[in-house]
>>> print(open('target17.txt').read())   # compact mmCIF, C-alpha atoms
# COMPACT_ATOMS: atom_id res chain seq x y z
CA MET Z 1 92.48 99.34 73.57
CA GLU Z 2 91.41 102.30 75.68
CA ARG Z 3 90.94 105.76 74.24
CA THR Z 4 91.17 109.09 76.02
CA SER Z 5 89.71 112.23 74.52
CA GLY Z 6 92.25 114.60 73.05
CA MET Z 7 95.16 112.19 73.55
CA GLY Z 8 94.53 109.55 70.88
CA THR Z 9 95.01 105.90 71.75
CA ALA Z 10 95.95 105.28 75.36
CA PRO Z 11 98.30 102.44 76.33
CA ILE Z 12 97.02 99.07 77.47
CA ILE Z 13 96.85 98.85 81.28
CA GLU Z 14 97.26 95.18 82.14
CA LEU Z 15 98.78 93.46 85.15
CA ASP Z 16 101.14 90.51 84.62
CA SER Z 17 100.96 91.02 80.88
CA THR Z 18 103.26 89.34 78.38
CA ARG Z 19 102.64 92.07 75.81
CA PRO Z 20 105.62 94.44 75.61
CA GLU Z 21 103.39 97.42 74.83
CA ALA Z 22 101.28 96.98 77.99
CA ILE Z 23 101.71 99.14 81.10
CA ASP Z 24 102.02 96.80 84.10
CA GLY Z 25 101.78 98.84 87.29
CA ARG Z 26 102.84 95.94 89.50
CA ARG Z 27 106.14 95.57 87.70
CA LEU Z 28 106.69 99.33 87.61
CA ARG Z 29 106.30 99.51 91.39
CA ALA Z 30 108.62 96.54 91.93
CA VAL Z 31 111.34 98.08 89.77
CA ALA Z 32 110.96 101.54 91.33
CA PHE Z 33 110.99 100.14 94.90
CA GLN Z 34 113.82 97.64 94.48
CA ASP Z 35 116.67 99.84 95.71
CA VAL Z 36 114.89 100.99 98.86
CA ARG Z 37 113.68 97.48 99.61
CA MET Z 38 117.19 96.07 99.37
CA ALA Z 39 118.65 98.97 101.37
CA TYR Z 40 116.15 98.38 104.17
CA LEU Z 41 116.82 94.64 104.10
CA ALA Z 42 120.56 95.31 104.27
CA GLU Z 43 119.95 96.76 107.72
CA HIS Z 44 117.08 94.67 109.06
CA GLY Z 45 117.00 91.38 107.15
CA PRO Z 46 119.00 88.22 107.84
CA ALA Z 47 122.52 87.90 106.52
CA ARG Z 48 121.85 84.39 105.26
CA GLY Z 49 119.39 81.54 105.42
CA ARG Z 50 116.00 80.91 103.88
CA ALA Z 51 113.75 83.70 102.63
CA LEU Z 52 110.08 83.62 101.65
CA VAL Z 53 108.63 86.41 99.51
CA LEU Z 54 104.85 86.80 99.58
CA GLY Z 55 103.74 88.72 96.52
CA GLY Z 56 106.88 88.01 94.50
CA GLY Z 57 105.28 89.19 91.24
CA HIS Z 58 107.65 89.10 88.28
CA GLY Z 59 110.52 88.19 90.61
CA VAL Z 60 112.40 91.50 90.91
CA LEU Z 61 112.75 91.29 94.70
CA PRO Z 62 113.30 87.50 94.87
CA ARG Z 63 116.16 87.82 92.38
CA GLY Z 64 117.76 90.56 94.48
CA LEU Z 65 117.59 88.34 97.56
CA ALA Z 66 119.02 85.36 95.69
CA ARG Z 67 121.96 87.46 94.45
CA ALA Z 68 122.58 88.54 98.04
CA GLY Z 69 123.00 84.89 98.98
CA LEU Z 70 119.68 83.80 100.45
CA ASP Z 71 117.85 80.60 99.58
CA VAL Z 72 114.63 82.06 98.17
CA THR Z 73 111.07 80.81 97.78
CA ALA Z 74 108.64 83.22 96.09
CA LEU Z 75 104.85 82.96 96.14
CA ASP Z 76 102.40 84.95 94.04
CA PRO Z 77 98.67 84.52 93.35
CA SER Z 78 99.14 85.12 89.62
CA GLU Z 79 100.07 82.10 87.51
CA ALA Z 80 101.25 84.39 84.70
CA ALA Z 81 103.57 86.35 87.03
CA THR Z 82 104.92 83.15 88.55
CA ARG Z 83 105.68 81.70 85.14
CA MET Z 84 107.45 84.85 83.94
CA ALA Z 85 109.47 85.13 87.17
CA ALA Z 86 110.56 81.48 86.97
CA ASP Z 87 111.66 81.88 83.33
CA ILE Z 88 113.79 84.93 84.15
CA ALA Z 89 115.36 83.24 87.19
CA THR Z 90 116.28 80.21 85.10
CA ALA Z 91 117.80 82.41 82.38
CA GLN Z 92 119.89 84.18 85.02
CA ASN Z 93 120.94 80.91 86.68
CA LEU Z 94 119.26 81.78 89.98
CA ALA Z 95 117.84 78.82 91.91
CA ILE Z 96 114.60 80.41 93.16
CA ALA Z 97 111.58 78.25 93.99
CA HIS Z 98 108.58 80.03 92.44
CA ARG Z 99 105.11 78.91 93.47
CA THR Z 100 101.59 80.11 92.68
CA ALA Z 101 99.68 80.66 95.92
CA ARG Z 102 97.71 83.33 97.74
CA ALA Z 103 99.36 84.86 100.79
CA GLU Z 104 96.25 84.05 102.83
CA GLU Z 105 96.39 80.34 101.98
CA PHE Z 106 100.00 79.15 101.69
CA ASP Z 107 101.02 76.40 104.08
CA ALA Z 108 104.72 76.38 104.91
CA PRO Z 109 106.18 74.10 107.61
CA PRO Z 110 106.37 75.94 110.96
CA GLY Z 111 109.64 77.72 111.65
CA SER Z 112 111.10 77.11 108.20
CA PHE Z 113 112.22 80.62 107.15
CA ASP Z 114 114.66 83.19 108.51
CA LEU Z 115 112.97 85.99 106.56
CA VAL Z 116 109.45 86.55 105.30
CA TYR Z 117 109.06 89.60 103.06
CA VAL Z 118 105.45 90.69 102.47
CA ALA Z 119 105.42 92.66 99.19
CA ASP Z 120 102.47 93.98 97.21
CA THR Z 121 100.11 92.29 99.67
CA PHE Z 122 98.93 94.29 102.69
CA GLU Z 123 97.39 96.96 100.44
CA ILE Z 124 95.65 94.29 98.33
CA THR Z 125 94.44 91.57 100.69
CA GLU Z 126 91.03 91.57 102.32
CA ASP Z 127 92.37 89.48 105.21
CA PRO Z 128 95.69 90.85 106.50
CA ASN Z 129 95.20 89.00 109.78
CA ARG Z 130 95.39 85.68 107.92
CA VAL Z 131 98.50 86.80 106.02
CA VAL Z 132 100.33 87.72 109.23
CA GLU Z 133 99.21 84.51 110.93
CA ARG Z 134 100.65 82.39 108.12
CA ALA Z 135 103.84 84.47 107.90
CA ALA Z 136 104.45 84.30 111.65
CA ARG Z 137 103.96 80.55 111.62
CA ALA Z 138 106.51 80.17 108.81
CA LEU Z 139 109.20 82.21 110.63
CA LYS Z 140 111.88 80.69 112.82
CA PRO Z 141 112.21 82.10 116.37
CA GLY Z 142 114.21 85.29 116.02
CA GLY Z 143 113.36 85.53 112.31
CA ALA Z 144 112.36 88.80 110.66
CA LEU Z 145 109.18 89.79 108.87
CA VAL Z 146 109.80 92.75 106.55
CA TYR Z 147 107.11 94.47 104.51
CA ASP Z 148 106.21 97.55 102.53
CA THR Z 149 102.75 98.92 101.96
CA VAL Z 150 100.62 102.03 101.41
CA ASN Z 151 99.45 104.24 104.26
CA ARG Z 152 95.82 105.32 104.62
CA THR Z 153 96.31 109.07 104.33
CA VAL Z 154 94.83 111.73 102.08
CA PRO Z 155 98.05 112.02 99.98
CA ALA Z 156 98.19 108.23 99.61
CA LYS Z 157 94.58 108.13 98.41
CA LEU Z 158 95.24 110.92 95.92
CA VAL Z 159 98.19 108.99 94.47
CA TYR Z 160 96.97 105.39 94.57
CA LEU Z 161 93.21 105.75 94.23
CA GLY Z 162 93.31 108.83 92.01
CA ALA Z 163 96.45 109.24 89.93
CA PHE Z 164 97.40 105.57 89.56
CA GLN Z 165 94.00 104.08 88.75
CA ARG Z 166 91.55 106.83 87.77
CA LEU Z 167 93.16 109.81 86.04
CA PRO Z 168 93.40 108.94 82.32
CA TRP Z 169 96.81 110.53 81.72
CA THR Z 170 98.61 108.99 84.75
CA ARG Z 171 96.83 105.66 85.13
CA ILE Z 172 99.06 102.57 85.49
CA MET Z 173 96.67 100.24 87.37
CA PRO Z 174 93.28 98.74 86.49
CA PRO Z 175 90.27 100.11 88.43
CA GLY Z 176 89.72 98.47 91.81
CA ARG Z 177 93.30 97.38 92.33
CA TYR Z 178 93.43 99.64 95.40
CA ALA Z 179 90.65 100.62 97.79
CA SER Z 180 90.66 102.96 100.76
CA ALA Z 181 89.65 100.22 103.20
CA ARG Z 182 92.66 98.09 102.19
CA LEU Z 183 95.26 100.79 102.81
CA ARG Z 184 96.90 100.17 106.19
CA ARG Z 185 98.21 102.56 108.83
CA PRO Z 186 101.45 101.50 110.59
CA SER Z 187 99.63 101.15 113.92
CA GLU Z 188 97.16 98.71 112.36
CA VAL Z 189 99.89 96.53 110.87
CA GLU Z 190 101.86 96.52 114.11
CA ALA Z 191 98.75 95.51 116.07
CA LEU Z 192 98.43 92.45 113.81
CA PHE Z 193 102.06 91.57 114.46
CA ARG Z 194 101.60 91.64 118.24
CA ARG Z 195 98.51 89.47 117.93
CA HIS Z 196 100.61 86.73 116.33
CA GLY Z 197 103.72 86.86 118.51
CA LEU Z 198 105.78 89.28 116.41
CA HIS Z 199 107.57 92.26 117.97
CA PRO Z 200 107.36 95.42 115.79
CA GLU Z 201 110.75 97.11 115.51
CA GLY Z 202 110.12 100.23 113.42
CA VAL Z 203 108.87 101.76 110.20
CA CYS Z 204 110.51 103.96 107.58
CA GLY Z 205 108.84 106.03 104.91
CA PHE Z 206 110.05 106.13 101.32
CA LYS Z 207 109.12 108.37 98.42
CA PRO Z 208 110.16 109.57 94.96
CA ALA Z 209 112.85 112.25 94.94
CA SER Z 210 110.18 114.71 93.75
CA VAL Z 211 106.50 114.62 92.86
CA ALA Z 212 107.25 116.27 89.52
CA GLY Z 213 109.82 113.57 88.80
CA LEU Z 214 107.27 110.84 89.54
CA VAL Z 215 104.72 112.42 87.18
CA LYS Z 216 107.34 112.78 84.43
CA THR Z 217 108.33 109.13 84.91
CA VAL Z 218 104.74 107.89 84.60
CA LEU Z 219 104.07 110.02 81.53
CA ALA Z 220 107.32 108.94 79.89
CA ARG Z 221 106.55 105.27 80.47
CA ARG Z 222 102.99 105.63 79.17
CA ARG Z 223 104.30 107.30 76.00
CA GLY Z 224 106.85 104.53 75.53
CA GLU Z 225 109.82 106.89 75.90
CA ILE Z 226 111.35 104.64 78.57
CA GLY Z 227 110.98 100.96 79.36
CA ASP Z 228 110.25 99.38 82.73
CA ASP Z 229 113.93 99.20 83.57
CA GLY Z 230 114.28 102.97 83.14
CA VAL Z 231 111.65 103.75 85.76
CA ALA Z 232 113.89 103.35 88.82
CA SER Z 233 116.58 105.82 87.77
CA MET Z 234 114.07 108.39 86.55
CA ALA Z 235 111.71 108.21 89.57
CA GLY Z 236 114.58 108.17 92.08
CA VAL Z 237 112.72 106.56 94.99
CA VAL Z 238 114.59 107.15 98.26
CA LEU Z 239 114.25 106.26 101.93
CA ASP Z 240 112.76 109.01 104.09
CA PRO Z 241 113.86 108.14 107.64
CA ASP Z 242 113.42 111.65 109.04
CA GLY Z 243 109.77 112.17 108.17
CA PRO Z 244 106.43 110.48 108.78
CA PRO Z 245 105.39 107.76 106.29
CA VAL Z 246 103.04 109.92 104.21
CA VAL Z 247 102.29 107.57 101.30
CA THR Z 248 104.42 104.41 101.30
CA TYR Z 249 106.51 102.88 104.07
CA LEU Z 250 108.60 99.87 105.01
CA GLY Z 251 108.60 98.16 108.37
CA HIS Z 252 109.85 95.08 110.14
CA ALA Z 253 109.08 92.86 113.11
CA ARG Z 254 110.83 89.94 114.73
CA LYS Z 255 109.45 86.66 115.98
CA ARG Z 256 109.95 86.20 119.69
CA GLY Z 257 112.65 83.75 120.68
CA ALA Z 258 116.36 83.38 120.04
CA PRO Z 259 117.52 82.54 116.50
CA ASP Z 260 119.15 79.22 115.80
CA ARG Z 261 122.95 79.22 115.68
CA ASP Z 262 125.28 77.54 113.27
CA ASP Z 263 128.46 75.64 114.05
CA ASP Z 264 130.49 78.87 114.25
CA GLY Z 265 128.16 80.36 116.86
CA ALA Z 266 126.73 82.95 114.48
CA ALA Z 267 123.02 83.60 114.37
CA THR Z 268 121.59 82.11 111.20
CA GLY Z 269 118.86 84.73 111.11
CA ARG Z 270 121.23 87.69 111.44
CA ARG Z 271 125.01 87.65 111.22
CA ALA Z 272 126.78 88.48 114.46
CA GLY Z 273 128.44 91.88 114.28
CA ALA Z 274 126.73 92.88 111.04
CA GLY Z 275 123.31 94.07 110.05
CA GLY Z 276 121.24 92.48 107.36
CA LEU Z 277 122.05 91.07 103.98
CA SER Z 278 125.58 90.59 102.82
CA GLY Z 279 126.95 90.40 99.32
CA ALA Z 280 130.12 88.58 100.31
CA PRO Z 281 130.47 85.38 98.27
CA GLY Z 282 130.85 81.93 99.68
CA SER Z 283 127.87 81.15 101.92
CA PHE Z 284 125.94 79.26 99.25
CA PRO Z 285 128.33 77.47 96.88
CA GLY Z 286 127.04 77.22 93.34
CA ARG Z 287 124.59 80.13 93.69
CA SER Z 288 124.96 83.36 91.79
CA ARG Z 289 126.06 86.18 94.12
CA THR Z 290 126.97 89.10 91.93
CA THR Z 291 125.36 91.98 93.79
CA SER Z 292 125.72 93.24 97.34
CA ALA Z 293 122.58 94.53 99.00
CA ARG Z 294 124.75 97.23 100.57
CA ASP Z 295 125.92 98.52 97.19
CA GLY Z 296 123.99 101.36 95.59
CA PRO Z 297 122.83 104.83 96.56
CA PHE Z 298 120.91 103.91 99.70
CA GLY Z 299 123.29 101.61 101.57
CA ASP Z 300 124.18 104.24 104.19
CA ASP Z 301 120.66 105.50 104.96
CA ARG Z 302 120.17 103.81 108.29
CA ASN Z 303 119.90 104.28 112.03
CA ARG Z 304 118.47 107.78 111.85
CA ARG Z 305 116.13 109.21 114.45
CA ALA Z 306 112.86 110.85 113.42
CA GLY Z 307 111.75 114.13 114.90
CA GLY Z 308 108.73 114.51 117.15
CA ARG Z 309 107.46 112.18 119.87
CA GLY Z 310 110.86 110.56 120.27
CA ARG Z 311 110.04 107.79 117.77
CA VAL Z 312 112.88 106.21 115.86
CA ILE Z 313 112.44 104.77 112.40
CA CYS Z 314 114.79 102.88 110.08
CA VAL Z 315 116.49 101.28 113.07
CA GLY Z 316 116.84 97.69 114.13
CA ARG Z 317 116.03 97.37 117.82
CA GLY Z 318 113.93 100.33 118.86
CA PRO Z 319 114.69 103.92 119.88
CA TRP Z 320 117.32 103.53 122.60
CA PRO Z 321 118.77 100.03 122.90
CA GLY Z 322 118.83 98.92 126.52
CA ARG Z 323 116.56 101.61 127.94
CA ALA Z 324 113.03 102.83 127.53
CA PRO Z 325 112.35 106.04 125.61
CA ILE Z 326 111.63 109.16 127.65
CA PRO Z 327 108.31 110.85 126.82
CA ARG Z 328 108.66 114.40 125.55
CA GLY Z 329 106.90 115.99 128.53
CA ALA Z 330 109.01 114.07 131.03
CA ARG Z 331 112.15 115.06 129.15
CA ARG Z 332 111.29 118.75 129.44
CA ARG Z 333 110.37 118.47 133.13
CA ARG Z 334 113.61 116.71 133.95
CA SER Z 335 115.53 119.36 132.01
CA ARG Z 336 113.94 122.15 134.06
CA ARG Z 337 114.63 120.43 137.38
CA GLY Z 338 118.21 119.62 136.51
CA SER Z 339 120.03 116.80 138.26
CA ARG Z 340 121.40 117.01 141.76
CA SER Z 341 125.15 116.56 142.10
CA GLY Z 342 125.84 117.10 145.78
CA PRO Z 343 124.29 118.66 148.87
CA ARG Z 344 120.67 119.69 148.79
CA GLY Z 345 120.07 122.76 146.70
CA THR Z 346 123.05 122.38 144.35
CA ARG Z 347 122.56 121.48 140.68
CA ARG Z 348 124.90 120.62 137.85
CA GLY Z 349 125.51 123.45 135.50
CA SER Z 350 124.04 126.11 137.83
CA ARG Z 351 125.78 129.05 139.47
CA ARG Z 352 124.94 127.63 142.91
CA ALA Z 353 127.34 124.72 142.33
CA GLY Z 354 130.81 125.58 143.63
CA PRO Z 355 131.97 128.70 145.52
CA SER Z 356 129.57 131.59 145.71
CA ARG Z 357 130.39 134.94 144.18
CA ARG Z 358 130.57 136.51 147.68
CA GLY Z 359 133.42 134.24 148.68
CA ARG Z 360 135.57 135.11 145.65
>>> encode(input="target17.txt", output="structure tokens")
Amino acid sequence: MERTSGMGTAPIIELDSTRPEAIDGRRLRAVAFQDVRMAYLAEHGPARGRALVLGGGHGVLPRGLARAGLDVTALDPSEAATRMAADIATAQNLAIAHRTARAEEFDAPPGSFDLVYVADTFEITEDPNRVVERAARALKPGGALVYDTVNRTVPAKLVYLGAFQRLPWTRIMPPGRYASARLRRPSEVEALFRRHGLHPEGVCGFKPASVAGLVKTVLARRRGEIGDDGVASMAGVVLDPDGPPVVTYLGHARKRGAPDRDDDGAATGRRAGAGGLSGAPGSFPGRSRTTSARDGPFGDDRNRRAGGRGRVICVGRGPWPGRAPIPRGARRRRSRRGSRSGPRGTRRGSRRAGPSRRGR
């Protein structure tokens, strides 16, 4: 047991713990992030097919994918987490293949998955290049790699290096779980994708509804006033498509090449005419499909354009499908010049277009 001065006995901080009184920061994050993860996947993940989760933990995300109708394999480096996740999946009649393996070392057959979700990994691994290499190899052509991680910013360091693993009254992680050098900027992750034949297609920040609400949630959980399952509703984590990814963000990339097609002509990696996961029953007979990934408070947060620099986040195929984005400076210059609509010297929207005032 830990003790903190003036506060009596502090809770046990232990990852992948079987003790109900322990505070497991990995599970708390998975529960708090589940809605935004599924909302993002509803727009950018495959509608059906095979999914691989790297960093599956206690199985919160793999179970959500299985309920949405995907055939799920989940890998995690912790034997204890893998065992707990497998037991829960069996109890809920979800056919998920749970395996104990490090994301840097797993060896899946090439082109065997429509989706690879990298969870709880990029901010932990010492070798993200190896993780992306293995993930890209496992993806089918046209398949999607989706991930979430922690940005390397001052606010992110204050939260993850300070509040979550150092401050006695808000700590939920053991020391050393996070380090500044392992936090990744979006540009760094996207550079890794390009190195291994993946095309980055956007990022989207997410955050708690309020900082005060996050602090209250952590304190309430540490005092035992709420359980793990109460964290999501109290923290209220939401997508933040209109702002920069200050602390945490999601992103996705696609493997170059056309996806395979089924007998109906639909892309197996992404349903034709629809974006992302579907909760409609019937694709996988005998599998539990009780929850739609589009249901819930975040299903409509998609396809929004971020301000500044013309960058678009939370979208599927880049800023302006079919044409290249216009740099801000060029946009202003073109606006000043106007566009010519007829003889030399006339412009659309100007007084010089049409009859002059003298002739009226």
>>> residues_around(input="target17.txt", residues="region 91-103 of chain Z", least_positions_apart="4", cutoff="7 Å", atoms="all atoms listed in the file", output="PyMOL selection string")
chain Z and resi 54+66+72-79+82+86-87+131+287-288
>>> atom_distance(input="target17.txt", atom1="CA of Ala135 (chain Z)", atom2="CA of Ala89 (chain Z)")
23.7 Å
>>> atom_distance(input="target17.txt", atom1="CA of Thr121 (chain Z)", atom2="CA of Ala136 (chain Z)")
15.0 Å
>>> residues_around(input="target17.txt", residues="Leu52 (chain Z)", least_positions_apart="4", cutoff="12 Å", atoms="only C-alpha atoms", output="PyMOL selection string")
chain Z and resi 45-46+56+59+61-63+65-66+70-76+96-99+103+106-109+111-119+134-136+138-140+143-147
>>> atom_distance(input="target17.txt", atom1="CA of Thr18 (chain Z)", atom2="CA of Leu183 (chain Z)")
28.1 Å
>>> residues_around(input="target17.txt", residues="region 207-217 of chain Z", least_positions_apart="5", cutoff="8 Å", atoms="only C-alpha atoms", output="VMD selection string")
chain Z and resid 170 231 234 to 240 247 to 248
>>> closest_residue(input="target17.txt", among="Z:Glu201, Z:Glu126, Z:Glu133, Z:Asp229", to="Gln34 (chain Z)", atoms="only C-alpha atoms")
Z:Asp229
